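Right, one structure below, let's go through it.
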Amino acid sequence: MAHKWQGVGVGAPRVAVIASVTRRKSTWRVWLLWLLALPLLVGCSVKNSEGDQSSSRFERAAGHSSFEDLRSFDRKRVLLEEVIFDQSSYAIYADMVSRGHDTTETFGWSVEGIAIEHGGEVQLSLFQKEFHMSAEELSEARIELSIEALDSDSTRGLYRLDFERSPSAPGQEVIALLQLRPDQIQASELCHIEGYFDNKSWGVDGIRWSGFFQVEWPLSLVERGRELTLVVDTLRLKHNTHGYLLQILKGERRVPASVRLELLDDPFSATPTFRSLDICKDDSVHLIQLATNDLGFGDFFDSRKHWIQIEVAGHQGWIKGIEDLRKVGCQAAG
């Protein structure tokens with residue numbers, strides 16, 4: 001007897017129906033076996049799914065997955081400082097987010113913002129965008145914070161907030177300044193420097209690292225409403241026709257090898273004069289100052305265009321360029 005095959009419906013599974021009575025009985029036996037086995041298969045599937053979820057929960061407990069929703073992370077608010085005036089008081093808090101934990105290690109917390117409360121209510125929130133990290137970033141790094149009072153009396157409290165992303169390479173400081181008065185809160189943006197900030201009663205000064213030496217970088221605070229702005233205090237800088245003069249710190253060097261050096265007596269005059277000078281190995285060199293027009297917070301030193309005043313072998317003059325810097329014992333460093 002010929003066997004006839006038919007398709008079952010448009011889009012249905014590709015199952016064939018056989019016209020033969022004998023084959024039809026055989027087919028029903030197969031379907032019956034599948035129906036009997038179905039509860040067992042579903043049970044195995046549910047157990048496997050539960051096992052996968054349990055495994056996933058275990059992996060998440062060991063550290064935050066990059067796919068997790070940050071809203072599910074544990075958070076806390078930590079009191080950093082309380083500022084009390086006669087008629088009012090403030091509380092400075094760090095908002096922290098958990099980095100996760102497992103049974104053997106605590107990953108700790110990371111700062112995700114600053115909150116200033118007055119009368120139990122948040123008056124100002126700072127740096128949420130700047131400190132935001134994804135779940136994947138939190139598994140590898142954290143932002144740490146410390147606070148220090150710079151000046152405090154009955155009319156104001158000035159505080160320095162130091163932030164550090166860990167792990168990170170050394171050599172840069174990131175701070176913000178916060179000033180509280182009985183009726184006003186003032187805050188700066190984040191300030192970055194290659195080098196470090198030096199505390200003063202009026203705020204901070206900078207010590208900048210050029211890659212070859214350090215220079216003094218006097219700063220001052222400008223107050224505009226609720227904003228504090230940290231700017232270079234040009235009134236405390238010497239200057240000439242070329243630009244401002246920054247004092248070089250710890251400028252003592254030794255000549256690494258005997259060599260001839262070209263010194264300019266005054267590179268900023270209309271008719272500069274050169275002096276050829278033979279310097280000997282181990283001659284003492286004193287770096288005096290750097291002339292620059294660039295006083296921004298970004299990278300400011302370019303050895304190809306900045307003049308540096310030095311004293312060597314009893315003579316003063318100006319040099320420029322990386323080759324001259326190496327001749328007088330300056331080596332580029334991080």
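Chains: A, B, ... in order of the structure tokens. Residues: from 1 per chain. Ligands: from 1, in order shown.
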Next item on the list: Would you mind listing what lies within 9 Å of stretch 108-111 of chain A as a PyMOL selection string, with only C-alpha atoms counted and same-chain residues fewer than 3 positions away left out?
Entry: chain A and resi 75+94-101+114+131-132+138+141-145+163
N, CA and C atoms of the current selection, written as a CSV table (one decimal), in the first residue's frame:
```
chain,number,residue,atom,x,y,z
A,75,ARG,N,24.1,50.9,49.4
A,75,ARG,CA,24.6,52.2,49.6
A,75,ARG,C,24.5,52.7,51.0
A,94,ALA,N,29.6,61.8,52.7
A,94,ALA,CA,30.0,61.1,51.5
A,94,ALA,C,29.0,60.0,51.2
A,95,ASP,N,28.5,60.1,50.0
A,95,ASP,CA,27.5,59.0,49.5
A,95,ASP,C,28.4,57.9,48.9
A,96,MET,N,28.2,56.7,49.5
A,96,MET,CA,29.1,55.5,49.1
A,96,MET,C,28.2,54.4,48.5
A,97,VAL,N,28.9,53.7,47.5
A,97,VAL,CA,28.2,52.6,46.9
A,97,VAL,C,29.1,51.3,47.1
A,98,SER,N,28.5,50.2,47.4
A,98,SER,CA,29.2,49.0,47.7
A,98,SER,C,29.8,48.4,46.5
A,99,ARG,N,31.0,47.9,46.6
A,99,ARG,CA,31.6,47.2,45.4
A,99,ARG,C,31.4,45.7,45.5
A,100,GLY,N,30.6,45.2,46.4
A,100,GLY,CA,30.3,43.8,46.5
A,100,GLY,C,31.2,43.0,47.4
A,101,HIS,N,30.9,41.8,47.7
A,101,HIS,CA,31.7,40.9,48.6
A,101,HIS,C,31.4,39.5,48.3
A,114,ILE,N,28.9,63.8,47.0
A,114,ILE,CA,29.0,64.5,48.3
A,114,ILE,C,27.7,65.2,48.5
A,131,PHE,N,31.9,61.2,39.5
A,131,PHE,CA,32.3,60.0,40.2
A,131,PHE,C,31.5,58.8,39.8
A,132,HIS,N,30.6,58.9,38.8
A,132,HIS,CA,29.9,57.7,38.4
A,132,HIS,C,30.8,56.7,37.8
A,138,LEU,N,33.5,49.4,38.9
A,138,LEU,CA,33.5,49.2,40.3
A,138,LEU,C,34.2,47.9,40.7
A,141,ALA,N,38.0,49.2,40.4
A,141,ALA,CA,38.6,50.4,41.0
A,141,ALA,C,37.6,51.0,42.0
A,142,ARG,N,38.1,52.0,42.7
A,142,ARG,CA,37.2,52.7,43.7
A,142,ARG,C,37.7,54.2,43.7
A,143,ILE,N,36.8,55.1,44.2
A,143,ILE,CA,37.1,56.5,44.5
A,143,ILE,C,37.1,56.6,46.0
A,144,GLU,N,38.3,57.1,46.5
A,144,GLU,CA,38.4,57.3,48.0
A,144,GLU,C,38.5,58.8,48.3
A,145,LEU,N,38.1,59.2,49.5
A,145,LEU,CA,38.0,60.6,49.8
A,145,LEU,C,38.5,60.9,51.2
A,163,PHE,N,40.4,63.6,46.5
A,163,PHE,CA,39.8,62.4,45.9
A,163,PHE,C,40.9,61.6,45.2
```
Check: Using only C-alpha atoms, which residues sit within 12 Å of A:His118 once same-chain residues fewer than 3 positions away are excluded, as a PyMOL selection string?
Finding: chain A and resi 82-85+87-93+115+121-125+180-185
Notebook entry, point to check: atom CA of A:Tyr196 to atom CA of A:Ser154: how many Å, to one decimal?
Noted result: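 So the two atoms, atom CA of A:Tyr196 and atom CA of A:Ser154, lie 29.3 Å apart.
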Could you build a table of the residues in stretch 167-247 of chain A lying no more than 12 Å from stretch 252-259 of chain A, giving for each the nearest pair of atoms and their separation in Å rounded to one decimal place, using only C-alpha atoms, ordered by chain and ascending residue number, as JSON lines?
```
{"residue": "A:Phe212", "atom": "CA", "partner": "A:Arg253", "partner_atom": "CA", "distance": 10.9}
{"residue": "A:Phe213", "atom": "CA", "partner": "A:Glu252", "partner_atom": "CA", "distance": 9.8}
{"residue": "A:Gln214", "atom": "CA", "partner": "A:Glu252", "partner_atom": "CA", "distance": 11.4}
```
Note to self: as a PyMOL selection string, please: every residue in stretch 46-277 of chain A that DSSP puts in helix (DSSP H, G or I).
What the structure shows: chain A and resi 46-61+70-72+128-131+135-138+234-236
Filtering to C-alpha atoms, could you give me those residues as an mmCIF file, in the first residue's frame?
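Listing of result19.cif after writing:
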```
data_model
loop_
_atom_site.group_PDB
_atom_site.id
_atom_site.type_symbol
_atom_site.label_atom_id
_atom_site.label_comp_id
_atom_site.auth_asym_id
_atom_site.auth_seq_id
_atom_site.Cartn_x
_atom_site.Cartn_y
_atom_site.Cartn_z
ATOM 1 C CA VAL A 46 13.438 23.763 35.633
ATOM 2 C CA LYS A 47 16.193 22.318 37.806
ATOM 3 C CA ASN A 48 18.845 23.300 35.271
ATOM 4 C CA SER A 49 17.368 26.800 35.110
ATOM 5 C CA GLU A 50 17.408 27.062 38.905
ATOM 6 C CA GLY A 51 20.996 25.831 38.926
ATOM 7 C CA ASP A 52 21.957 28.453 36.355
ATOM 8 C CA GLN A 53 20.278 31.172 38.425
ATOM 9 C CA SER A 54 21.978 29.939 41.591
ATOM 10 C CA SER A 55 25.324 29.983 39.803
ATOM 11 C CA SER A 56 24.603 33.458 38.488
ATOM 12 C CA ARG A 57 23.721 34.673 41.983
ATOM 13 C CA PHE A 58 26.969 33.206 43.304
ATOM 14 C CA GLU A 59 28.999 34.943 40.600
ATOM 15 C CA ARG A 60 27.302 38.253 41.353
ATOM 16 C CA ALA A 61 27.991 37.838 45.066
ATOM 17 C CA LEU A 70 23.519 49.864 39.741
ATOM 18 C CA ARG A 71 20.266 50.601 41.554
ATOM 19 C CA SER A 72 20.482 47.207 43.223
ATOM 20 C CA GLN A 128 27.543 62.519 41.028
ATOM 21 C CA LYS A 129 28.381 62.696 37.311
ATOM 22 C CA GLU A 130 32.133 62.988 37.865
ATOM 23 C CA PHE A 131 32.270 60.008 40.245
ATOM 24 C CA ALA A 135 29.391 47.969 37.590
ATOM 25 C CA GLU A 136 32.363 46.715 35.598
ATOM 26 C CA GLU A 137 34.488 49.693 36.650
ATOM 27 C CA LEU A 138 33.512 49.238 40.302
ATOM 28 C CA THR A 234 49.057 86.651 38.777
ATOM 29 C CA LEU A 235 49.557 89.492 41.294
ATOM 30 C CA ARG A 236 52.001 87.233 43.140
#
```
Next item on the list: Please provide the set of residues having any atom within 12 Å of A:Asn240, restricted to only C-alpha atoms, with same-chain residues fewer than 2 positions apart removed, written as JSON, numbers by chain.
Entry: {"A": [237, 238, 242, 243, 244, 245, 246, 266, 267, 268, 269, 290, 291, 292, 293]}
Next item on the list: Select, from A:Ala169, A:Leu177, A:Leu79, A:Leu295, the residue with the minimum atom-to-atom distance to A:Asp151, counting only C-alpha atoms.
Entry: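 For A:Asp151, the nearest of the given residues is A:Leu177.
In terms of minimum interatomic distance to A:Lys281, A:Lys327 ranks closest within A:Lys327, A:Ile147, A:Leu158, A:Gly298, counting only C-alpha atoms.
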Item checked: For atom CA of A:Asp265 and atom CA of A:His239, the interatomic separation in Å (one decimal) -> 16.7 Å
Next item on the list: Have a look at atom CA of A:Leu150 and atom CA of A:Phe301 and let me know their distance in Å, one decimal.
Entry: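 About the pair atom CA of A:Leu150 and atom CA of A:Phe301: they are 29.3 Å apart.
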Note to self: Could you list, as a list of chain:residue names, every residue within 8 Å of A:Asp233, counting only C-alpha atoms and ignoring same-chain residues fewer than 5 positions away?
What the structure shows: A:Pro218, A:Leu219, A:Ser220
